[in-house]
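Peer 1: If you scroll down you'll find the structure; I have some questions about it.
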Amino acid sequence: MSTGTERRSTCRRTEDIYRKAIEDIRDYAIFMIGPDGLITNWNLGAQQMLGYTEEEVIGKDAAKFFIPEDRAKGVPEQEMATAATEGRAEDERWHIRRDGSHFWASGIMTPVRDETGKLIGFSKVMRDMTERNKLTQERDRFFALSMDMLTIVHLDGRLQRVNPAFQKVLGYSEEELLSRKIFELVHPDDRAKTMSGYVDLGRGKPVKHMENRLGCKDGTYRWVAWSYFPVPEDGLAFGVGRDVTELRRMHEVLRLRAEELENANRVKDEFLATMSHELRTPLTSILGWSRLLHSNQLSDKDKERAIQIIQRNAEAQSKLIEDLLDVSRIITGKLKIEFQPVSFAAITDTALSSLRPALDAKQLKLEASIDPAAGPISGDPARLQQIVTNLLSNAIKFTPNGGKIDVRLQRTDAHVRLDIKDTGVGISPEHLPHIFERFKQVDSSNVRAHGGLGLGLAIVDYLVRQQGGAVFAASGGPGTGSTFSVEFPLTSSEVIGDSRQAEGVPQRPLAVLERANSTIDASLQDVHILVVEDDPDTQELLKTVLRRHGANVTTVSCCSDALAEIASSKPDVIISDIGMAGENGYELIRKIRSMDPDTGGHIPAIALTAYAGATDRRRALLAGFQTHLAKPVEPDDLLAVILSLTFQQEA
Ligand code: ADP
C-alpha cells in the first residue's frame, strides 16, 4: 500500500513540476480551453504574448484572440472541430492582444481527452511569428517589386517560382511559366550553353554571367543576362536575369557605326591617295613639257604639241579642283542653286557640242535624239550643264575607241528625261548600287586606266536631287555598256518664264514677281518709270505693283517705242526685259547709252530677265544696265533697287 501511496504522491509531484514548468514558459503562449471554448488554464508566456493576466482571462472565450474577420468566418470553431476530429489543428494567422494591437502567430491546437477518451478540452500552443513574418514579407516584396527577373528553378530546368518581372518580360502568366522547363523557352541556338550552365549549377558551381535569348509569348525573343546561385542539396538554383535586348541593340548600333566610321576613314585615306595621284599626273606633264619648251630644243611641231598637252592637263587639273571645291561646298551646304525656267534640251545640246572634240578624238559614234519641245524645267543652267557634261564625259571616258553613245532626251508624262547609253566597260551588279557614293570608284585600277576622283557621280546625284530630279544607272554588267538616266519634273505653268517665251509661249506674270505684294512701305511718288516688256500680262503686273507705290508708270512693248518714250518724256528709271521679239534688251540699252545725257543717255536701267546666270548678269551690266534682276523677283527687291537708283541720281 505504502508503495502505491508513494507512487501516487511521486506522480502528483511530477505533475506539479510539469504544470509549473509549463506555466513558467515565456516564449510560448500555452493555454487550455474547455470544449465550450472557454479558457481554463493560462501560462506566463500567454500572459506576455496576449497581455491578459490569468484572472482576467480564465472562463473567457478564447475566440477573442482572433481578429474580427476570422471570428466572423468561424475560424475559432473550425480550429476546435479540426483538432477534435484530426487530433491537431495548425496554422499561422493574425491575433489580437489585450491592448488591441495585432501580431502574427503560429498556433497548434491539440484535443485533451480523459481516460475514457471523452473530449474534455483543448491545449493551444502559440508562437509570436511577427518578426519572422516581417522578414518573409520583405523578401516577398523584394521578389515582387524587383525589376530584374527572379526565379527559383529546379536543376532539371523546371521553374518553381518566377517573379512578376519574369512574367512581364516574356508576356506569360505565372501558371504558364510554372508548367514549363526553362530550356523550352531558350532559343535553340542558346540551348546548349544554357544546359551546360545548369550542369555547373548541379556541381555546386555558380553561373556568374550567361546570356541567352528567351522566347516571349508573342513569338519574339528577348536577350537576358543571367547569374545563378545553386543550392544543390535542395536540387534548386536561384536565378537573377536582366533584359538586355535594348542594350545589345545599342551595342550593335554602335558597333556598326564604328565599322562605318572605320570604313569612311579608309575610303577617305584611299581618296587622298587617289587625289594626290590624280593631281600629280597632270602636274608632271605640265612641268615636264614646260621645261622642254623652256629648253628651246623642240621643233615647232613639238612646241605646238607641248602647248596642247600643257593646256589639256591644266584643264584636267582645273576640273579636278572644281570637283573638289564642289564637294566641299556640298559638305558645308554652301553650294547654291539658282532656279529659273530653262530648256533642258538646249542645255543638253550645248553640252554635246562642247564634248564633240572628245567624242571625235575617240572616234565614238554619237546618236542623239533631243526633243526640243520636251518642255522647260526649273533649275540652274550652269549646274544642269555640269550634270549632263559629267555623265557624257563618263560615257566617253569609259567607252573604248570606236564605241557608240546614244543620247536621247524626251518628255515622259510630267517629266523631261535624258538617257545616255554607251557601249563601254559597263558596271558590275555589286558596284551598281554604290555608283553615286562619294569617293567611290568601281575599282582603284580605274584610276590608272581612266583617271578621275570618283566625285563626278556623287556631285551629279546631289545636283540632280537639289533640283527636284532623280538619276539612275543601269548596266547589264562588265562589258555590256551602261545607261545613265536623269529625270526632272516639268515646270508648272505658273513658274514658266523666258524659256517658254523662247518657245513662243506667253509668259505668265507671276513668273516675273515672286509675289504680288511688297512689304516695303516706300514711296515712288513722282518717279517716272518706263517698263519695256513685250508680254502684256507682265506689263500690267509691274504697272500695278509700281503704281501702288505712287510711281508714274509708262509701259511699252518694243525697243522703238521705248526710245520714242525716252525722247519725249525722259523717264527717271527704265525697267527692261532682255528677251523680246525684234530688238532685245541688250540692243536697247546700248542705244540708250550711246545717247547724249541730256536726251536720256544716263537714265538708270534695270534688266529684269529670266536669264539669271552669272554670265547673263555680266552681259547685262556690260551692255549698260545698272542692275540685273532675275525673274521671279521679290517686289521688295525691285522697289529697293528703284529707290537706290533714283536716290543715286538725286545725289
Ligand atoms: P570618276 O571621276 O572617277 O569617273 P565618277 O563619280 O564620275 O568618278 O564615277 C565613279 C565610277 O563610276 C567610275 O570610276 C567608274 O568606275 C564608274 N562609271 C561612271 N560612269 C560610267 C560609265 N559610263 N561606264 C562605266 N562605268 C562608269
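If you're wondering about the labels, chains in the C-alpha cells are A, B, ... by order shown, residues count from 1 in each chain, ligands from 1 in order shown.
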So which residues of segment 189-364 of chain A fall under strand (DSSP E) by DSSP, listed as a PyMOL selection string?

Peer 2: chain A and resi 207-215+221-231+236-243+340-343

Peer 1: Identify, with DSSP run on backbone atoms, the residues in segment 49-196 of chain A assigned to helix (DSSP H, G or I), and express the list as JSON, numbers by chain.

Peer 2: {"A": [49, 50, 54, 55, 56, 57, 62, 63, 64, 65, 68, 69, 70, 71, 72, 73, 75, 76, 77, 78, 79, 80, 81, 82, 83, 84, 85, 86, 130, 131, 132, 133, 134, 135, 136, 137, 138, 139, 140, 141, 142, 143, 144, 145, 164, 165, 166, 167, 168, 169, 170, 174, 175, 176, 177, 178, 182, 183, 184, 185, 188, 189, 190, 191, 192, 193, 194, 195, 196]}

Peer 1: Neighbours of Ala564 of chain A within 12 Å (only C-alpha atoms; same-chain residues fewer than 6 positions away dropped), as number ranges by chain?

Peer 2: A: 530, 532, 554-558, 570-571, 588, 591-592, 599-600

Peer 1: Once you have the residues from the selection above, write them out as an mmCIF file, in the first residue's frame, restricted to all heavy atoms.

Peer 2:
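What follows is the written file out-v1.cif:
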```
data_model
loop_
_atom_site.group_PDB
_atom_site.id
_atom_site.type_symbol
_atom_site.label_atom_id
_atom_site.label_comp_id
_atom_site.auth_asym_id
_atom_site.auth_seq_id
_atom_site.Cartn_x
_atom_site.Cartn_y
_atom_site.Cartn_z
ATOM 1 N N LEU A 530 9.752 103.766 -116.838
ATOM 2 C CA LEU A 530 9.386 103.214 -118.150
ATOM 3 C C LEU A 530 9.609 101.701 -118.108
ATOM 4 O O LEU A 530 10.723 101.242 -117.843
ATOM 5 C CB LEU A 530 10.264 103.833 -119.245
ATOM 6 C CG LEU A 530 10.103 103.224 -120.643
ATOM 7 C CD1 LEU A 530 8.697 103.449 -121.204
ATOM 8 C CD2 LEU A 530 11.149 103.798 -121.608
ATOM 9 N N VAL A 532 9.749 98.322 -120.184
ATOM 10 C CA VAL A 532 9.833 97.809 -121.556
ATOM 11 C C VAL A 532 9.650 96.294 -121.469
ATOM 12 O O VAL A 532 10.519 95.583 -120.956
ATOM 13 C CB VAL A 532 11.198 98.148 -122.202
ATOM 14 C CG1 VAL A 532 11.177 97.825 -123.696
ATOM 15 C CG2 VAL A 532 11.575 99.589 -121.953
ATOM 16 N N THR A 554 4.944 104.125 -117.325
ATOM 17 C CA THR A 554 4.593 104.034 -118.741
ATOM 18 C C THR A 554 5.066 102.668 -119.219
ATOM 19 O O THR A 554 6.170 102.245 -118.861
ATOM 20 C CB THR A 554 5.339 105.109 -119.571
ATOM 21 O OG1 THR A 554 5.168 106.356 -118.931
ATOM 22 C CG2 THR A 554 4.829 105.165 -120.996
ATOM 23 N N THR A 555 4.243 101.976 -119.985
ATOM 24 C CA THR A 555 4.691 100.672 -120.476
ATOM 25 C C THR A 555 4.757 100.688 -121.995
ATOM 26 O O THR A 555 3.883 101.250 -122.663
ATOM 27 C CB THR A 555 3.712 99.560 -120.045
ATOM 28 O OG1 THR A 555 2.410 99.932 -120.452
ATOM 29 C CG2 THR A 555 3.732 99.328 -118.556
ATOM 30 N N VAL A 556 5.805 100.048 -122.504
ATOM 31 C CA VAL A 556 5.926 99.871 -123.958
ATOM 32 C C VAL A 556 6.332 98.433 -124.204
ATOM 33 O O VAL A 556 6.854 97.766 -123.304
ATOM 34 C CB VAL A 556 6.974 100.827 -124.575
ATOM 35 C CG1 VAL A 556 6.531 102.269 -124.481
ATOM 36 C CG2 VAL A 556 8.329 100.625 -123.914
ATOM 37 N N SER A 557 6.119 97.943 -125.420
ATOM 38 C CA SER A 557 6.422 96.532 -125.654
ATOM 39 C C SER A 557 7.537 96.301 -126.673
ATOM 40 O O SER A 557 7.828 95.157 -127.002
ATOM 41 C CB SER A 557 5.146 95.800 -126.081
ATOM 42 O OG SER A 557 4.561 96.491 -127.146
ATOM 43 N N CYS A 558 8.154 97.371 -127.189
ATOM 44 C CA CYS A 558 9.289 97.125 -128.093
ATOM 45 C C CYS A 558 10.304 98.257 -127.959
ATOM 46 O O CYS A 558 10.019 99.306 -127.374
ATOM 47 C CB CYS A 558 8.799 96.980 -129.528
ATOM 48 S SG CYS A 558 8.139 98.518 -130.154
ATOM 49 N N LYS A 570 11.564 111.488 -121.053
ATOM 50 C CA LYS A 570 12.767 111.304 -120.200
ATOM 51 C C LYS A 570 12.418 110.720 -118.813
ATOM 52 O O LYS A 570 12.414 111.425 -117.798
ATOM 53 C CB LYS A 570 13.498 112.620 -120.050
ATOM 54 C CG LYS A 570 14.971 112.429 -120.384
ATOM 55 C CD LYS A 570 15.713 113.713 -120.369
ATOM 56 C CE LYS A 570 16.889 113.583 -119.415
ATOM 57 N NZ LYS A 570 17.035 114.550 -118.419
ATOM 58 N N PRO A 571 12.083 109.425 -118.788
ATOM 59 C CA PRO A 571 11.733 108.799 -117.501
ATOM 60 C C PRO A 571 12.909 108.804 -116.518
ATOM 61 O O PRO A 571 14.056 109.011 -116.932
ATOM 62 C CB PRO A 571 11.365 107.366 -117.890
ATOM 63 C CG PRO A 571 12.012 107.136 -119.206
ATOM 64 C CD PRO A 571 12.109 108.457 -119.892
ATOM 65 N N LEU A 588 18.702 97.575 -126.888
ATOM 66 C CA LEU A 588 18.028 98.793 -126.431
ATOM 67 C C LEU A 588 18.959 99.620 -125.551
ATOM 68 O O LEU A 588 19.140 100.819 -125.773
ATOM 69 C CB LEU A 588 16.747 98.429 -125.655
ATOM 70 C CG LEU A 588 16.086 99.599 -124.920
ATOM 71 C CD1 LEU A 588 15.533 100.630 -125.912
ATOM 72 C CD2 LEU A 588 14.952 99.111 -124.023
ATOM 73 N N LYS A 591 21.758 101.353 -127.278
ATOM 74 C CA LYS A 591 21.292 102.552 -127.997
ATOM 75 C C LYS A 591 21.100 103.713 -127.014
ATOM 76 O O LYS A 591 21.477 104.842 -127.291
ATOM 77 C CB LYS A 591 19.976 102.262 -128.722
ATOM 78 C CG LYS A 591 20.219 101.483 -129.985
ATOM 79 C CD LYS A 591 19.019 101.445 -130.871
ATOM 80 C CE LYS A 591 19.401 100.731 -132.168
ATOM 81 N NZ LYS A 591 18.236 100.163 -132.830
ATOM 82 N N ILE A 592 20.505 103.386 -125.853
ATOM 83 C CA ILE A 592 20.265 104.458 -124.868
ATOM 84 C C ILE A 592 21.593 105.061 -124.417
ATOM 85 O O ILE A 592 21.761 106.271 -124.342
ATOM 86 C CB ILE A 592 19.469 103.914 -123.656
ATOM 87 C CG1 ILE A 592 18.080 103.463 -124.103
ATOM 88 C CG2 ILE A 592 19.355 104.948 -122.547
ATOM 89 C CD1 ILE A 592 17.280 102.718 -123.050
ATOM 90 N N THR A 599 19.567 113.905 -123.457
ATOM 91 C CA THR A 599 18.415 113.278 -124.112
ATOM 92 C C THR A 599 18.082 111.916 -123.483
ATOM 93 O O THR A 599 17.325 111.116 -124.021
ATOM 94 C CB THR A 599 18.673 113.103 -125.623
ATOM 95 O OG1 THR A 599 19.901 112.392 -125.768
ATOM 96 C CG2 THR A 599 18.719 114.427 -126.344
ATOM 97 N N GLY A 600 18.703 111.614 -122.354
ATOM 98 C CA GLY A 600 18.316 110.384 -121.634
ATOM 99 C C GLY A 600 19.382 109.298 -121.627
ATOM 100 O O GLY A 600 19.148 108.189 -121.131
#
```

Peer 1: Can you write out as JSON lines which residues of chain A fall within 9 Å of ligand 1, alongside each residue's closest atom pair and its distance in Å to one decimal, counting only C-alpha atoms and all ligand atoms and ordering rows by chain and ascending residue number?

Peer 2:
```
{"residue": "A:Leu320", "atom": "CA", "partner": "ligand 1", "partner_atom_place_in_ligand_line": "2 (O)", "distance": 8.2}
{"residue": "A:Asp323", "atom": "CA", "partner": "ligand 1", "partner_atom_place_in_ligand_line": "2 (O)", "distance": 8.7}
{"residue": "A:Asn390", "atom": "CA", "partner": "ligand 1", "partner_atom_place_in_ligand_line": "7 (O)", "distance": 6.6}
{"residue": "A:Leu391", "atom": "CA", "partner": "ligand 1", "partner_atom_place_in_ligand_line": "20 (N)", "distance": 6.7}
{"residue": "A:Leu392", "atom": "CA", "partner": "ligand 1", "partner_atom_place_in_ligand_line": "23 (N)", "distance": 7.7}
{"residue": "A:Ser393", "atom": "CA", "partner": "ligand 1", "partner_atom_place_in_ligand_line": "23 (N)", "distance": 8.1}
{"residue": "A:Asn394", "atom": "CA", "partner": "ligand 1", "partner_atom_place_in_ligand_line": "20 (N)", "distance": 4.6}
{"residue": "A:Ala395", "atom": "CA", "partner": "ligand 1", "partner_atom_place_in_ligand_line": "23 (N)", "distance": 3.9}
{"residue": "A:Ile396", "atom": "CA", "partner": "ligand 1", "partner_atom_place_in_ligand_line": "23 (N)", "distance": 7.3}
{"residue": "A:Lys397", "atom": "CA", "partner": "ligand 1", "partner_atom_place_in_ligand_line": "23 (N)", "distance": 7.3}
{"residue": "A:Phe398", "atom": "CA", "partner": "ligand 1", "partner_atom_place_in_ligand_line": "24 (N)", "distance": 4.9}
{"residue": "A:Thr399", "atom": "CA", "partner": "ligand 1", "partner_atom_place_in_ligand_line": "24 (N)", "distance": 6.9}
{"residue": "A:Ile420", "atom": "CA", "partner": "ligand 1", "partner_atom_place_in_ligand_line": "23 (N)", "distance": 8.3}
{"residue": "A:Lys421", "atom": "CA", "partner": "ligand 1", "partner_atom_place_in_ligand_line": "23 (N)", "distance": 7.7}
{"residue": "A:Asp422", "atom": "CA", "partner": "ligand 1", "partner_atom_place_in_ligand_line": "23 (N)", "distance": 6.4}
{"residue": "A:Thr423", "atom": "CA", "partner": "ligand 1", "partner_atom_place_in_ligand_line": "24 (N)", "distance": 8.3}
{"residue": "A:Gly424", "atom": "CA", "partner": "ligand 1", "partner_atom_place_in_ligand_line": "24 (N)", "distance": 5.8}
{"residue": "A:Val425", "atom": "CA", "partner": "ligand 1", "partner_atom_place_in_ligand_line": "25 (C)", "distance": 5.2}
{"residue": "A:Gly426", "atom": "CA", "partner": "ligand 1", "partner_atom_place_in_ligand_line": "25 (C)", "distance": 4.5}
{"residue": "A:Ile427", "atom": "CA", "partner": "ligand 1", "partner_atom_place_in_ligand_line": "25 (C)", "distance": 5.3}
{"residue": "A:Ser428", "atom": "CA", "partner": "ligand 1", "partner_atom_place_in_ligand_line": "26 (N)", "distance": 8.8}
{"residue": "A:His431", "atom": "CA", "partner": "ligand 1", "partner_atom_place_in_ligand_line": "12 (O)", "distance": 8.4}
{"residue": "A:Leu432", "atom": "CA", "partner": "ligand 1", "partner_atom_place_in_ligand_line": "12 (O)", "distance": 8.3}
{"residue": "A:His434", "atom": "CA", "partner": "ligand 1", "partner_atom_place_in_ligand_line": "12 (O)", "distance": 8.6}
{"residue": "A:Ile435", "atom": "CA", "partner": "ligand 1", "partner_atom_place_in_ligand_line": "12 (O)", "distance": 5.3}
{"residue": "A:Phe436", "atom": "CA", "partner": "ligand 1", "partner_atom_place_in_ligand_line": "6 (O)", "distance": 6.4}
{"residue": "A:Glu437", "atom": "CA", "partner": "ligand 1", "partner_atom_place_in_ligand_line": "6 (O)", "distance": 7.6}
{"residue": "A:Arg438", "atom": "CA", "partner": "ligand 1", "partner_atom_place_in_ligand_line": "6 (O)", "distance": 7.2}
{"residue": "A:Phe439", "atom": "CA", "partner": "ligand 1", "partner_atom_place_in_ligand_line": "6 (O)", "distance": 7.1}
{"residue": "A:Lys440", "atom": "CA", "partner": "ligand 1", "partner_atom_place_in_ligand_line": "10 (C)", "distance": 5.7}
{"residue": "A:Gln441", "atom": "CA", "partner": "ligand 1", "partner_atom_place_in_ligand_line": "14 (O)", "distance": 3.7}
{"residue": "A:Val442", "atom": "CA", "partner": "ligand 1", "partner_atom_place_in_ligand_line": "16 (O)", "distance": 4.0}
{"residue": "A:Asp443", "atom": "CA", "partner": "ligand 1", "partner_atom_place_in_ligand_line": "16 (O)", "distance": 6.4}
{"residue": "A:Ser444", "atom": "CA", "partner": "ligand 1", "partner_atom_place_in_ligand_line": "14 (O)", "distance": 7.9}
{"residue": "A:Asn446", "atom": "CA", "partner": "ligand 1", "partner_atom_place_in_ligand_line": "14 (O)", "distance": 5.9}
{"residue": "A:Val447", "atom": "CA", "partner": "ligand 1", "partner_atom_place_in_ligand_line": "3 (O)", "distance": 6.8}
{"residue": "A:His450", "atom": "CA", "partner": "ligand 1", "partner_atom_place_in_ligand_line": "4 (O)", "distance": 7.4}
{"residue": "A:Gly451", "atom": "CA", "partner": "ligand 1", "partner_atom_place_in_ligand_line": "3 (O)", "distance": 6.2}
{"residue": "A:Gly452", "atom": "CA", "partner": "ligand 1", "partner_atom_place_in_ligand_line": "2 (O)", "distance": 3.5}
{"residue": "A:Leu453", "atom": "CA", "partner": "ligand 1", "partner_atom_place_in_ligand_line": "3 (O)", "distance": 4.2}
{"residue": "A:Gly454", "atom": "CA", "partner": "ligand 1", "partner_atom_place_in_ligand_line": "8 (O)", "distance": 3.0}
{"residue": "A:Leu455", "atom": "CA", "partner": "ligand 1", "partner_atom_place_in_ligand_line": "6 (O)", "distance": 4.2}
{"residue": "A:Gly456", "atom": "CA", "partner": "ligand 1", "partner_atom_place_in_ligand_line": "7 (O)", "distance": 3.6}
{"residue": "A:Leu457", "atom": "CA", "partner": "ligand 1", "partner_atom_place_in_ligand_line": "6 (O)", "distance": 3.6}
{"residue": "A:Ala458", "atom": "CA", "partner": "ligand 1", "partner_atom_place_in_ligand_line": "6 (O)", "distance": 5.6}
{"residue": "A:Ile459", "atom": "CA", "partner": "ligand 1", "partner_atom_place_in_ligand_line": "6 (O)", "distance": 7.5}
{"residue": "A:Val460", "atom": "CA", "partner": "ligand 1", "partner_atom_place_in_ligand_line": "6 (O)", "distance": 8.1}
{"residue": "A:Ala473", "atom": "CA", "partner": "ligand 1", "partner_atom_place_in_ligand_line": "20 (N)", "distance": 8.4}
{"residue": "A:Ser475", "atom": "CA", "partner": "ligand 1", "partner_atom_place_in_ligand_line": "24 (N)", "distance": 8.2}
{"residue": "A:Pro478", "atom": "CA", "partner": "ligand 1", "partner_atom_place_in_ligand_line": "25 (C)", "distance": 8.2}
{"residue": "A:Gly479", "atom": "CA", "partner": "ligand 1", "partner_atom_place_in_ligand_line": "25 (C)", "distance": 8.9}
{"residue": "A:Gly481", "atom": "CA", "partner": "ligand 1", "partner_atom_place_in_ligand_line": "24 (N)", "distance": 6.3}
{"residue": "A:Ser482", "atom": "CA", "partner": "ligand 1", "partner_atom_place_in_ligand_line": "24 (N)", "distance": 5.2}
{"residue": "A:Thr483", "atom": "CA", "partner": "ligand 1", "partner_atom_place_in_ligand_line": "23 (N)", "distance": 6.9}
{"residue": "A:Phe484", "atom": "CA", "partner": "ligand 1", "partner_atom_place_in_ligand_line": "23 (N)", "distance": 7.1}
```

Peer 1: So that I can see what lies close to Thr82 of chain A, please list as a list of chain:residue names the residues with an atom at most 9 Å from it, counting only C-alpha atoms and leaving out residues fewer than 6 positions away in the same chain.

Peer 2: A:Arg88, A:Ala89, A:Met109

Peer 1: Generate a file of the selected residues that holds N, CA and C atoms, formatted as a PDB file, in the first residue's frame.

Peer 2:
```pdb
ATOM      1  N   ARG A  88      -5.349  17.365 -34.332  1.00  0.00           N
ATOM      2  CA  ARG A  88      -4.431  18.516 -34.321  1.00  0.00           C
ATOM      3  C   ARG A  88      -4.916  19.550 -35.329  1.00  0.00           C
ATOM      4  N   ALA A  89      -4.784  20.844 -34.983  1.00  0.00           N
ATOM      5  CA  ALA A  89      -5.105  21.923 -35.932  1.00  0.00           C
ATOM      6  C   ALA A  89      -3.964  22.936 -35.860  1.00  0.00           C
ATOM      7  N   MET A 109      -3.319  23.480 -31.987  1.00  0.00           N
ATOM      8  CA  MET A 109      -4.342  23.090 -31.008  1.00  0.00           C
ATOM      9  C   MET A 109      -4.441  21.566 -30.977  1.00  0.00           C
TER      10      MET A 109
END
```

Peer 1: Just want the 6 Å neighbourhood of segment 47-59 of chain A, counted on only C-alpha atoms, with same-chain residues fewer than 4 positions away dropped. Output as a list of chain:residue names.

Peer 2: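 Those residues are A:Leu38, A:Ile39, A:Thr40, A:Trp42, A:Arg97, A:Arg98.
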
Peer 1: Which residues are close to Val231 of chain A, i.e. within 9 Å by only C-alpha atoms, leaving aside same-chain residues fewer than 3 positions away? Reply as a PyMOL selection string.

Peer 2: chain A and resi 201-202+204+234-238

Peer 1: Nearest to Glu131 of chain A: which of A:Val641, A:Pro164, A:Phe103, A:Pro635 is it, counting only C-alpha atoms?

Peer 2: A:Phe103

Peer 1: As an exercise, work out the distance from atom CA of Val553 of chain A to atom CA of Ser568 of chain A in Å and give it to one decimal place.

Peer 2: 14.3 Å

Peer 1: Rounded to one decimal place, report the atom CA of Ser196 of chain A-atom CA of Met210 of chain A distance in Å.

Peer 2: 10.4 Å

Peer 1: Compare A:Ser328, A:Thr646, A:Gln466, A:Thr615 by their minimum atom-to-atom distance to Ile574 of chain A, counting only C-alpha atoms, and give me the closest one.

Peer 2: A:Thr646

Peer 1: Find the residues near segment 136-145 of chain A: any atom within 12 Å, counting only C-alpha atoms, skip ones fewer than 4 places away on the same chain, and give them as a PyMOL selection string.

Peer 2: chain A and resi 104+129-132+149-152+161-168+238-240

Peer 1: Let me see the file: selected residues, N, CA, C and O atoms, as a short mmCIF file (atom, residue, chain, number, x, y, z; two decimals), in the first residue's frame.

Peer 2:
```cif
data_model
loop_
_atom_site.label_atom_id
_atom_site.label_comp_id
_atom_site.auth_asym_id
_atom_site.auth_seq_id
_atom_site.Cartn_x
_atom_site.Cartn_y
_atom_site.Cartn_z
N TRP A 104 1.33 38.44 -35.48
CA TRP A 104 1.24 37.25 -36.34
C TRP A 104 1.76 36.07 -35.52
O TRP A 104 2.84 36.15 -34.94
N MET A 129 5.13 35.06 -34.36
CA MET A 129 5.96 34.95 -35.57
C MET A 129 6.07 36.30 -36.28
O MET A 129 6.45 36.37 -37.43
N THR A 130 5.69 37.39 -35.58
CA THR A 130 5.65 38.71 -36.23
C THR A 130 6.99 39.04 -36.91
O THR A 130 7.02 39.45 -38.07
N GLU A 131 8.07 38.87 -36.21
CA GLU A 131 9.39 39.22 -36.75
C GLU A 131 9.71 38.41 -38.00
O GLU A 131 10.10 38.94 -39.03
N ARG A 132 9.48 37.07 -37.84
CA ARG A 132 9.79 36.19 -38.97
C ARG A 132 8.89 36.53 -40.15
O ARG A 132 9.31 36.57 -41.30
N MET A 149 14.52 39.90 -63.49
CA MET A 149 13.75 38.66 -63.50
C MET A 149 14.35 37.76 -62.41
O MET A 149 15.55 37.55 -62.38
N LEU A 150 13.49 37.28 -61.51
CA LEU A 150 13.98 36.41 -60.44
C LEU A 150 13.28 35.07 -60.57
O LEU A 150 12.08 35.02 -60.88
N THR A 151 14.02 34.02 -60.33
CA THR A 151 13.40 32.70 -60.39
C THR A 151 14.07 31.74 -59.42
O THR A 151 15.27 31.85 -59.15
N ILE A 152 13.25 30.84 -58.89
CA ILE A 152 13.80 29.68 -58.18
C ILE A 152 13.51 28.53 -59.12
O ILE A 152 12.36 28.31 -59.52
N ARG A 161 9.48 29.01 -59.14
CA ARG A 161 8.89 30.29 -58.79
C ARG A 161 9.43 31.35 -59.74
O ARG A 161 10.61 31.31 -60.09
N VAL A 162 8.56 32.23 -60.18
CA VAL A 162 9.01 33.33 -61.05
C VAL A 162 8.37 34.61 -60.53
O VAL A 162 7.24 34.59 -60.05
N ASN A 163 9.10 35.71 -60.61
CA ASN A 163 8.54 36.96 -60.11
C ASN A 163 7.78 37.70 -61.22
O ASN A 163 7.85 37.30 -62.40
N PRO A 164 7.04 38.75 -60.88
CA PRO A 164 6.25 39.46 -61.90
C PRO A 164 7.11 39.98 -63.05
O PRO A 164 6.68 39.98 -64.20
N ALA A 165 8.37 40.44 -62.76
CA ALA A 165 9.22 40.96 -63.84
C ALA A 165 9.49 39.86 -64.87
O ALA A 165 9.49 40.11 -66.08
N PHE A 166 9.68 38.64 -64.39
CA PHE A 166 9.93 37.49 -65.27
C PHE A 166 8.73 37.33 -66.20
O PHE A 166 8.88 37.16 -67.42
N GLN A 167 7.54 37.42 -65.60
CA GLN A 167 6.31 37.24 -66.40
C GLN A 167 6.15 38.37 -67.40
O GLN A 167 5.77 38.17 -68.55
N LYS A 168 6.48 39.58 -66.93
CA LYS A 168 6.27 40.76 -67.77
C LYS A 168 7.20 40.73 -68.99
O LYS A 168 6.76 41.01 -70.11
N PHE A 238 18.92 29.68 -57.61
CA PHE A 238 18.29 31.00 -57.64
C PHE A 238 18.86 31.74 -58.84
O PHE A 238 20.09 31.87 -58.95
N GLY A 239 17.98 32.22 -59.70
CA GLY A 239 18.47 32.91 -60.90
C GLY A 239 18.04 34.36 -60.90
O GLY A 239 16.91 34.69 -60.54
N VAL A 240 18.95 35.24 -61.30
CA VAL A 240 18.64 36.66 -61.46
C VAL A 240 18.96 37.01 -62.90
O VAL A 240 20.09 36.82 -63.35
#
```

Peer 1: Rounded to one decimal place, report the atom CA of Ala314 of chain A-atom CA of Ser285 of chain A distance in Å.

Peer 2: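 For atom CA of Ala314 of chain A relative to atom CA of Ser285 of chain A, the distance reads 9.1 Å.
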